Number of protein chains: 4
Amino acid sequence: VSLSASISSPRDHLEAGRRALLLQRFGEVRAASERLCASLDPEDLVAQSMPDCSPLKWHLAHTTWFFEAMVLAPFAPPGEPYTPFHPRFGFLFNSYYNAIGERHQRPQRGVLTRPYAREVAAYRRAVDEAVQRLLEREALPRRDEALRIVELGLQHEQQHQELMLTDLKHLFSLNALEPAYRPPLEVSPNAPPSQGWIDFDAGVCEIGHAGAGFAFDNEMPRHRVFVEAFSLADRLVTNADYRAFVDDGGYRDPARWLDAGWAVVQREAWERPLYWRETPDGLAEFTLAGLRELTPAEPVCHLSYVEADAFARWAGARLPSEAEWECAAAGLAVEGNFVGTGWLHPAPAHSEAGRLAQMFGDVWEWTSSAYSPYPGYRPEVGALGEYNGKFMCDQLVLRGGSCASSQDHLRATYRNFFRSPDRWQFSGLRLARDR
Amino acid sequence: VSLSASISSPRDHLEAGRRALLLQRFGEVRAASERLCASLDPEDLVAQSMPDCSPLKWHLAHTTWFFEAMVLAPFAPPGEPYTPFHPRFGFLFNSYYNAIGERHQRPQRGVLTRPYAREVAAYRRAVDEAVQRLLEREALPRRDEALRIVELGLQHEQQHQELMLTDLKHLFSLNALEPAYRPPLEVSPNAPPSQGWIDFDAGVCEIGHAGAGFAFDNEMPRHRVFVEAFSLADRLVTNADYRAFVDDGGYRDPARWLDAGWAVVQREAWERPLYWRETPDGLAEFTLAGLRELTPAEPVCHLSYVEADAFARWAGARLPSEAEWECAAAGLAVEGNFVGTGWLHPAPAHSEAGRLAQMFGDVWEWTSSAYSPYPGYRPEVGALGEYNGKFMCDQLVLRGGSCASSQDHLRATYRNFFRSPDRWQFSGLRLARDR
Amino acid sequence: VSLSASISSPRDHLEAGRRALLLQRFGEVRAASERLCASLDPEDLVAQSMPDCSPLKWHLAHTTWFFEAMVLAPFAPPGEPYTPFHPRFGFLFNSYYNAIGERHQRPQRGVLTRPYAREVAAYRRAVDEAVQRLLEREALPRRDEALRIVELGLQHEQQHQELMLTDLKHLFSLNALEPAYRPPLEVSPNAPPSQGWIDFDAGVCEIGHAGAGFAFDNEMPRHRVFVEAFSLADRLVTNADYRAFVDDGGYRDPARWLDAGWAVVQREAWERPLYWRETPDGLAEFTLAGLRELTPAEPVCHLSYVEADAFARWAGARLPSEAEWECAAAGLAVEGNFVGTGWLHPAPAHSEAGRLAQMFGDVWEWTSSAYSPYPGYRPEVGALGEYNGKFMCDQLVLRGGSCASSQDHLRATYRNFFRSPDRWQFSGLRLARDR
Amino acid sequence: VSLSASISSPRDHLEAGRRALLLQRFGEVRAASERLCASLDPEDLVAQSMPDCSPLKWHLAHTTWFFEAMVLAPFAPPGEPYTPFHPRFGFLFNSYYNAIGERHQRPQRGVLTRPYAREVAAYRRAVDEAVQRLLEREALPRRDEALRIVELGLQHEQQHQELMLTDLKHLFSLNALEPAYRPPLEVSPNAPPSQGWIDFDAGVCEIGHAGAGFAFDNEMPRHRVFVEAFSLADRLVTNADYRAFVDDGGYRDPARWLDAGWAVVQREAWERPLYWRETPDGLAEFTLAGLRELTPAEPVCHLSYVEADAFARWAGARLPSEAEWECAAAGLAVEGNFVGTGWLHPAPAHSEAGRLAQMFGDVWEWTSSAYSPYPGYRPEVGALGEYNGKFMCDQLVLRGGSCASSQDHLRATYRNFFRSPDRWQFSGLRLARDR
């Protein structure tokens, strides 16, 4: 109401509409985080199963702190400095922003039984209201930039929503009670579809983000790359495919592995993918629906880079580079099995000859590309410059999103990244080969 | 009612009375564990702050499993085998009994968000009732032994009650919110009492437990030791005493320390006792009532063996041996500041010339004695043989109990034991010297 | 003599000439390894200063084993199987070839006091003679391939010659006696030359090896890349440049560093480059001539990737990619300060406006490129496939060679590679920037 | 000659005789260290096989530094301060004396290729001459104390002679060439003698050193202990005895082990004693004469405390306390298989009914006693106070000496000490039991 009163020009109308849409999206994304925890008791939100993971309660609080630190404090109107909800929450819920200050040790997030989940909920409500109040102010200096950072905060929260699911899955996988987060997943009776190849010619191709629409700084600038001729598999690698590798002694033969991979296989005594388990009834897989028989037609999942690489080598192929992947994905609709389906597990491909299936959703696809700055890369200014750029070392790029990603969070230019032994994400692979 | 019906002889009356007393004690001790958690939310019960500590929920469940594994299963009447409350709880809540089987990894107890606290409460109720039903049976084979093991289970639970408090304190100490478990502790205005010495002559002395009354296997058999003449301080070392050591550069001078102590001082960058903190307002101490100014007259607390030893050396004295301590304690009443006072913090001594103060309660007193078997030691048979004996290596004995111990759990012969760098217990010291 | 007797055609003459040249080179390269140790006592050849390094004696033996395993055994004439010099040397001196078998643990190479240096010398002589005998045989099946692998073995040995110098430098740097390997290095009195930029236009460029001449498998195939417009510094970064970064608090400000870099700075308490030392007389540098005052005009050296990256960011520039470097280096003569000068330390640039100085020699130049397979990469077959390919993970490429490299071992296409925290090589940097 | 000129009284004669004897012993002990290395090349003297061990060259230098630091410097005549042989040798060869200053890191002793062995030899000669000159001075203030410390230095050197042998054995054991330090050991054809028990009554016993003759501070003061009645095996446990334990699954059953022992068995994957090896020809043992078939009648050797304890428990017995051992040993001649026999390996017992065999020599005997100060213990003053006292924590006492000990270095009161998992010493056990 008060908002519309001040609108007096077409540009104002546009801007008000854009703001209203953002506020609606703000409400939806923030609610989605809480909905993810709705079926859990507060006790489930406390634990941290390994240093890479965080407690769900911490995710809920950190994404909230992000709006305090990146929006409410820096965009507070002159003379009205923002008072944080709690003086110590900045210390507790800052993840890795050195520019902002000291913080609680990451591997110790599981000791934070306080604040209680209900206190975190109150924190979220208070910050939500403050963000909404700020955005609704008639006169807000640097409003456009504020709106852009709010959108960044929502993209950030969607990243954490995916982590909440993968961290919870990891946590539950360590509990002999085998808790289930969602009801049983029916097993698909279908055999895996056969795999074909799609050919691409050599040439200069453009990758990276340009133009309107949100993108992270690491997706920019759009630039030219030369891609030699290659072929890409028309579907993801399946459990059936990967099982043949395991059954062929894949985890016992160093010749299959990168040196770094064989080292981790031996150190961690890996024998199969993270959530596969031998049971008296055969191979099973731990899922967000609990333990369940291994389904051949589903994409193989929870692989590290070194496992994906080893499989590809064994299969006489290789991983695609991120440039190859993005060139192939350009123009494809962002459709697939995302978090919105509620399935929360990769699903068999519905292939169609000559068409790339499963490019988005199901599982993140490891590429052979190290996570590096694009030529001309400029990080965000200030603390947000730590968002992406400082991690561009010793990590590999994954593309395409997973069954735990939000559909409206993904793009063909999106670059996810993890280290070569990481495998608690919904990560799998698609084969590539030279032509 | 049904119980009394079967009583027909004086011996039966005695036995029934003993059983009734035990059942009453059973109810009280079991209730006490739950009362310790009454002011906490379930979230507080999930976290494990370090591998040496356990989540409070785990303590509640483990002490319950102990009755299942040591009483309900082995003493089940013929033909009525005991069915565990849950088929996986044995795996989750077995602490270290190899004879009983595989178990959840100790450093990973914090991942057990399930079973929920309310499910653990139900587990406790079910086992409580089963124990009571078993003990009330008219004909129970090996009843005397069953009663003895029930008493052992209660002593075991009292040990865990103390650990619940020390583990919670450690957990809270790592949280920047500085949670308080109990209301503020008033500060004693008194200066520390002066310290005197009590002399003891050389001679053969008997130590260890004999006769009726409960004792752990590690307190037996009673046997003779020769003790050379020594003197014992008439009170515990205070914060004021220890602060003088710290201010004298105690933590910076290797000459004060055992080699193993100096190694941990350097490795862990120790500068003061575990819960002392430098604040803008001077030295403070983290307590179960939150952060509070350091009180000179109170016994120093949360010291490791190597710190206690270093202080004693600096003070021109030494730690007593456990034989010296026990010879001195023999005949003294088990009186002092225990968990029952609700204070949950060591309190200043009320000294009286020529009398040993604070021998029981306040803080466990480090002795110079390695935790070893007494001559003629016989561990319990079966799985219970793992209760004490297998830890008799690389640990030191502490005596006397603390402000977190139950009064009816302590004896002059009681041997507590921890490793030389451990300091999250309520552990301090009393000086001794040669005459 | 017997060799020339069998020559009867022009092709035979060519082949005999090529063989004679290789045998001559074989003698020279093999002798060079021994010459590196001539001024040392056998005791200096035993020690291993960290797992990444190897004892010099081990290098001498391993490079010899390489000829046994890759040439003498596989190319032994039919019916004349090769008998290894010692049945256990294969176990001791296999570095990382899983295809060949079990081996001595890498971090334990320093325990190999046996074989003695004189026994290793005998081993070298015996293998040298066997290789020469083999190559001189009139009829040798697969002679061309054998010659190629001999050349590979010599390139391999030249790599180890550089490692011998860097490993020895690391070893000596840990000894309070500050041993010197070579006589004192005079200090250059010159100020560092100013730094200019050379511009390069965007376009498709070819990189990688093709045609005749030796190259490792990782340099192939030659392929096209698109390089956006960039500028490259016309000289290496100097000690004076880098010191300004250190003096500006470079090692204390996380904003300068990649996250992985800041982690190692904190974990290892890095304050400056590996061999810089604060002395009462100012900054000094440990060199192969012992400790010596830090010389501003010399290229900074013994930097890790994360230090090179941090400096470049602080300087408002970045590291070049390997494609940029190779495009810029194409056509330049391989000239500079190599091991053959005997200087064994990077030297100041003799710059000339508009010309790239120091592209070869002095220090390896970190690039921003992860060590990855080129499109169409095919590893060597058999055990030699482990030479390069399996290390293409979590490593970064360096280009150009150093003052410890052999001139005839380098090429513009040569790819060296180390991990991001490694800094015991002669590694430095040249700045690049976007245009 | 010049010495005798100044002798003018019976007391002087006595003192001169004592001095002459000490100088003779000084020469003998010092020469013995060098003789141990006579059959080795300098290369063998460089390596350190694990942090607990030291290079032989380091032992040679450290024992020399000891005389500089403890005798030559503190007893230098007024006005003639001692100038160390080399200004950095104090840094390199100080083992653990904080009072004396900073030092080279212990785990890095293997990097000290310099000083060369011949330089260490020169160091030894120079210090030997300086000590001899000092002792021969007519007027030496505090001469008695100087003589006492020289004797301490010789005892210290004898301890290091034993370590030289055990460290060399450990080093050689890691080398696939299986080097032999001494010629082959013939195998005793005899079956192990049967084992009897010797009974001891309860009572007050005196242990510890008193009176004339050298003893370390940790053996004093002599004091009273009460020992309950016990029996002691009349010989050491043999390989045959221990093999029965291994064959009975001793290393696979946690019930046999202390908790600390089972932890190390699992962590280190222990399956048998340190130097036992499975070979195609059956069990063998690595000895200072190389690999050799396991000899049943020989004492089992290179056991840790936890292995000795586990065996004793399995055998229905226990380890003796050090008081029991010393009470039993009192009055026995120090005779047995010492380093002087040149055998360098434990030898079968020549038992005689009713008599304790092998109490001295062959193998150190683990006791159940923690290494603690005796009542009234006073450490040496000054830096020498760090010799023994600071290690009285988390170590266990061993008694009796080994086949690598010098006979004139041992006494019934001698206390050796190592940590519970240590097993590279010649350490075994003798059973005890309660009566």
# chains A, B, ... in the order shown; residues from 1 in each chain; ligands from 1
call {"tool": "closest_atom_pairs", "arguments": {"of": "chain C", "to": "chain D", "cutoff": "12 Å", "atoms": "only C-alpha atoms", "output": "JSON lines"}}
result
{"residue": "C:Leu40", "atom": "CA", "partner": "D:Thr113", "partner_atom": "CA", "distance": 10.1}
{"residue": "C:Asp41", "atom": "CA", "partner": "D:Tyr116", "partner_atom": "CA", "distance": 7.9}
{"residue": "C:Pro42", "atom": "CA", "partner": "D:Glu43", "partner_atom": "CA", "distance": 6.3}
{"residue": "C:Glu43", "atom": "CA", "partner": "D:Glu43", "partner_atom": "CA", "distance": 4.8}
{"residue": "C:Asp44", "atom": "CA", "partner": "D:Thr113", "partner_atom": "CA", "distance": 5.0}
{"residue": "C:Leu45", "atom": "CA", "partner": "D:Thr113", "partner_atom": "CA", "distance": 8.1}
{"residue": "C:Val46", "atom": "CA", "partner": "D:Glu43", "partner_atom": "CA", "distance": 6.5}
{"residue": "C:Ala47", "atom": "CA", "partner": "D:Val111", "partner_atom": "CA", "distance": 5.5}
{"residue": "C:Gln48", "atom": "CA", "partner": "D:Val111", "partner_atom": "CA", "distance": 6.7}
{"residue": "C:Ser49", "atom": "CA", "partner": "D:Val111", "partner_atom": "CA", "distance": 5.7}
{"residue": "C:Met50", "atom": "CA", "partner": "D:Val111", "partner_atom": "CA", "distance": 9.2}
{"residue": "C:Cys53", "atom": "CA", "partner": "D:Val111", "partner_atom": "CA", "distance": 11.6}
{"residue": "C:Ser54", "atom": "CA", "partner": "D:Val111", "partner_atom": "CA", "distance": 11.5}
{"residue": "C:Pro55", "atom": "CA", "partner": "D:Val111", "partner_atom": "CA", "distance": 10.1}
{"residue": "C:Leu56", "atom": "CA", "partner": "D:Thr113", "partner_atom": "CA", "distance": 11.8}
{"residue": "C:Lys57", "atom": "CA", "partner": "D:Glu43", "partner_atom": "CA", "distance": 10.4}
{"residue": "C:His86", "atom": "CA", "partner": "D:Leu177", "partner_atom": "CA", "distance": 9.8}
{"residue": "C:Pro87", "atom": "CA", "partner": "D:Leu177", "partner_atom": "CA", "distance": 9.4}
{"residue": "C:Arg88", "atom": "CA", "partner": "D:Leu177", "partner_atom": "CA", "distance": 6.7}
{"residue": "C:Phe89", "atom": "CA", "partner": "D:Leu177", "partner_atom": "CA", "distance": 8.6}
{"residue": "C:Gly90", "atom": "CA", "partner": "D:Ala176", "partner_atom": "CA", "distance": 10.4}
{"residue": "C:Phe91", "atom": "CA", "partner": "D:Ala176", "partner_atom": "CA", "distance": 7.7}
{"residue": "C:Leu92", "atom": "CA", "partner": "D:Ala176", "partner_atom": "CA", "distance": 7.2}
{"residue": "C:Phe93", "atom": "CA", "partner": "D:Ala176", "partner_atom": "CA", "distance": 11.0}
{"residue": "C:Glu102", "atom": "CA", "partner": "D:Ala176", "partner_atom": "CA", "distance": 11.5}
{"residue": "C:Arg103", "atom": "CA", "partner": "D:Ala176", "partner_atom": "CA", "distance": 9.5}
{"residue": "C:His104", "atom": "CA", "partner": "D:Ala176", "partner_atom": "CA", "distance": 7.9}
{"residue": "C:Gln105", "atom": "CA", "partner": "D:Leu174", "partner_atom": "CA", "distance": 9.8}
{"residue": "C:Pro107", "atom": "CA", "partner": "D:Ser49", "partner_atom": "CA", "distance": 10.6}
{"residue": "C:Gln108", "atom": "CA", "partner": "D:Ser49", "partner_atom": "CA", "distance": 7.8}
{"residue": "C:Arg109", "atom": "CA", "partner": "D:Asn175", "partner_atom": "CA", "distance": 9.4}
{"residue": "C:Gly110", "atom": "CA", "partner": "D:Ala47", "partner_atom": "CA", "distance": 6.3}
{"residue": "C:Val111", "atom": "CA", "partner": "D:Ala47", "partner_atom": "CA", "distance": 5.5}
{"residue": "C:Leu112", "atom": "CA", "partner": "D:Asn175", "partner_atom": "CA", "distance": 6.2}
{"residue": "C:Thr113", "atom": "CA", "partner": "D:Asp44", "partner_atom": "CA", "distance": 5.0}
{"residue": "C:Arg114", "atom": "CA", "partner": "D:Asp44", "partner_atom": "CA", "distance": 7.4}
{"residue": "C:Pro115", "atom": "CA", "partner": "D:Leu177", "partner_atom": "CA", "distance": 8.0}
{"residue": "C:Tyr116", "atom": "CA", "partner": "D:Glu43", "partner_atom": "CA", "distance": 6.9}
{"residue": "C:Ala117", "atom": "CA", "partner": "D:Glu43", "partner_atom": "CA", "distance": 8.1}
{"residue": "C:Arg118", "atom": "CA", "partner": "D:Glu43", "partner_atom": "CA", "distance": 10.5}
{"residue": "C:Glu119", "atom": "CA", "partner": "D:Glu43", "partner_atom": "CA", "distance": 11.8}
{"residue": "C:Asp167", "atom": "CA", "partner": "D:Val111", "partner_atom": "CA", "distance": 11.3}
{"residue": "C:Leu168", "atom": "CA", "partner": "D:Val111", "partner_atom": "CA", "distance": 10.3}
{"residue": "C:Lys169", "atom": "CA", "partner": "D:Val111", "partner_atom": "CA", "distance": 11.6}
{"residue": "C:His170", "atom": "CA", "partner": "D:Val111", "partner_atom": "CA", "distance": 9.7}
{"residue": "C:Leu171", "atom": "CA", "partner": "D:Val111", "partner_atom": "CA", "distance": 6.3}
{"residue": "C:Phe172", "atom": "CA", "partner": "D:Val111", "partner_atom": "CA", "distance": 7.9}
{"residue": "C:Ser173", "atom": "CA", "partner": "D:Val111", "partner_atom": "CA", "distance": 9.6}
{"residue": "C:Leu174", "atom": "CA", "partner": "D:Val111", "partner_atom": "CA", "distance": 7.1}
{"residue": "C:Asn175", "atom": "CA", "partner": "D:Leu112", "partner_atom": "CA", "distance": 6.2}
{"residue": "C:Ala176", "atom": "CA", "partner": "D:Arg88", "partner_atom": "CA", "distance": 6.8}
{"residue": "C:Leu177", "atom": "CA", "partner": "D:Arg88", "partner_atom": "CA", "distance": 6.7}
{"residue": "C:Glu178", "atom": "CA", "partner": "D:Arg114", "partner_atom": "CA", "distance": 9.2}
{"residue": "C:Pro179", "atom": "CA", "partner": "D:Arg114", "partner_atom": "CA", "distance": 7.7}
{"residue": "C:Ala180", "atom": "CA", "partner": "D:Arg114", "partner_atom": "CA", "distance": 10.8}
{"residue": "C:Tyr181", "atom": "CA", "partner": "D:Arg114", "partner_atom": "CA", "distance": 11.9}
call {"tool": "select_by_dssp", "arguments": {"residues": "range 322-379 of chain B", "states": "strand (DSSP E or B)", "output": "PyMOL selection string"}}
result
chain B and resi 336-337+360-361+364-370
call {"tool": "select_by_dssp", "arguments": {"residues": "range 75-182 of chain D", "states": "helix (DSSP H, G or I)", "output": "ChimeraX atom specification"}}
result
/D:89-93,106-111,117-136,143-173
call {"tool": "atom_distance", "arguments": {"atom1": "CA of Ala244 in chain D", "atom2": "CA of Val265 in chain D"}}
result
17.8 Å
call {"tool": "residues_around", "arguments": {"residues": "Leu431 in chain B", "least_positions_apart": "3", "cutoff": "8 Å", "atoms": "only C-alpha atoms", "output": "MDAnalysis selection string"}}
result
chainID B and resid 232:233 236:237 312 317:320
call {"tool": "atom_distance", "arguments": {"atom1": "CA of Phe360 in chain D", "atom2": "CA of Gly401 in chain D"}}
result
5.6 Å
call {"tool": "closest_residue", "arguments": {"among": "D:Ala139, D:Ala69, D:Ala240, D:Ala329", "to": "Gln195 in chain D", "atoms": "only C-alpha atoms"}}
result
D:Ala240
call {"tool": "atom_distance", "arguments": {"atom1": "CA of Gly361 in chain B", "atom2": "CA of Asn416 in chain B"}}
result
12.9 Å
call {"tool": "residues_around", "arguments": {"residues": "Val381 in chain B", "least_positions_apart": "5", "cutoff": "12 Å", "atoms": "only C-alpha atoms", "output": "count of residues only"}}
result
10
call {"tool": "residues_around", "arguments": {"residues": "Thr63 in chain B", "least_positions_apart": "2", "cutoff": "10 Å", "atoms": "only C-alpha atoms", "output": "list in words"}}
result
Arg30, Ser33, Trp58, His59, Leu60, Ala61, Trp65, Phe66, Phe67, Glu68, Phe93, Asn94, Ser95, Arg124, Gly153, Leu154, His156, Glu157, Gln158, Gln159, His160 and Gln161 of chain B
call {"tool": "residues_around", "arguments": {"residues": "range 293-305 of chain B", "least_positions_apart": "6", "cutoff": "9 Å", "atoms": "only C-alpha atoms", "output": "PyMOL selection string"}}
result
chain B and resi 187-193+235-243+261+273-277+281-286+345-349+362-364+366-368+396+418-429
call {"tool": "residues_around", "arguments": {"residues": "Asp144 in chain B", "least_positions_apart": "4", "cutoff": "10 Å", "atoms": "only C-alpha atoms", "output": "number ranges by chain"}}
result
B: 15, 19, 140, 148-150
call {"tool": "write_last_selection", "arguments": {"atoms": "N, CA and C atoms", "output": "tab-separated table (two decimals), in the first residue's frame"}}
result
chain	number	residue	atom	x	y	z
B	15	GLU	N	16.58	-60.33	53.44
B	15	GLU	CA	16.80	-60.28	51.99
B	15	GLU	C	15.75	-59.39	51.33
B	19	ARG	N	16.50	-55.94	49.35
B	19	ARG	CA	16.01	-55.75	48.00
B	19	ARG	C	15.17	-54.47	47.89
B	140	LEU	N	14.29	-66.07	41.71
B	140	LEU	CA	15.26	-65.54	40.75
B	140	LEU	C	16.59	-66.24	40.98
B	148	ARG	N	23.88	-57.56	43.37
B	148	ARG	CA	25.20	-56.94	43.40
B	148	ARG	C	25.48	-56.19	42.09
B	149	ILE	N	25.07	-56.80	40.99
B	149	ILE	CA	25.33	-56.15	39.70
B	149	ILE	C	24.41	-54.94	39.51
B	150	VAL	N	23.20	-55.02	40.05
B	150	VAL	CA	22.35	-53.83	40.00
B	150	VAL	C	23.03	-52.68	40.75
call {"tool": "closest_residue", "arguments": {"among": "B:Ala210, B:Val227, B:Ala130, B:Ile198", "to": "Leu356 in chain B", "atoms": "only C-alpha atoms"}}
result
B:Ile198
call {"tool": "decode", "arguments": {"residues": "range 25-58 of chain A", "atoms": "C-alpha atoms", "output": "tab-separated table (two decimals), in the first residue's frame"}}
result
chain	number	residue	atom	x	y	z
A	25	ARG	CA	10.88	-14.64	-4.11
A	26	PHE	CA	12.53	-13.65	-0.84
A	27	GLY	CA	9.59	-15.01	1.09
A	28	GLU	CA	9.50	-18.21	-0.92
A	29	VAL	CA	13.20	-19.02	-0.73
A	30	ARG	CA	13.42	-18.24	2.96
A	31	ALA	CA	10.37	-20.39	3.65
A	32	ALA	CA	11.83	-23.23	1.61
A	33	SER	CA	14.80	-23.52	3.98
A	34	GLU	CA	12.49	-23.92	6.91
A	35	ARG	CA	10.27	-26.35	5.08
A	36	LEU	CA	13.30	-28.61	4.58
A	37	CYS	CA	13.48	-28.98	8.38
A	38	ALA	CA	9.77	-29.32	9.00
A	39	SER	CA	9.81	-33.09	9.40
A	40	LEU	CA	12.82	-33.11	11.70
A	41	ASP	CA	13.06	-32.63	15.43
A	42	PRO	CA	15.41	-29.89	16.67
A	43	GLU	CA	17.87	-32.58	17.76
A	44	ASP	CA	18.49	-33.48	14.12
A	45	LEU	CA	19.55	-29.90	13.45
A	46	VAL	CA	22.46	-29.86	15.93
A	47	ALA	CA	24.95	-32.42	14.66
A	48	GLN	CA	27.90	-31.97	12.31
A	49	SER	CA	29.00	-35.27	10.82
A	50	MET	CA	32.36	-34.10	9.45
A	51	PRO	CA	34.21	-30.80	9.07
A	52	ASP	CA	32.94	-30.36	5.51
A	53	CYS	CA	29.35	-30.53	6.70
A	54	SER	CA	27.45	-28.18	8.94
A	55	PRO	CA	24.50	-28.64	11.28
A	56	LEU	CA	21.18	-27.77	9.66
A	57	LYS	CA	20.59	-25.22	12.39
A	58	TRP	CA	23.84	-23.58	11.47
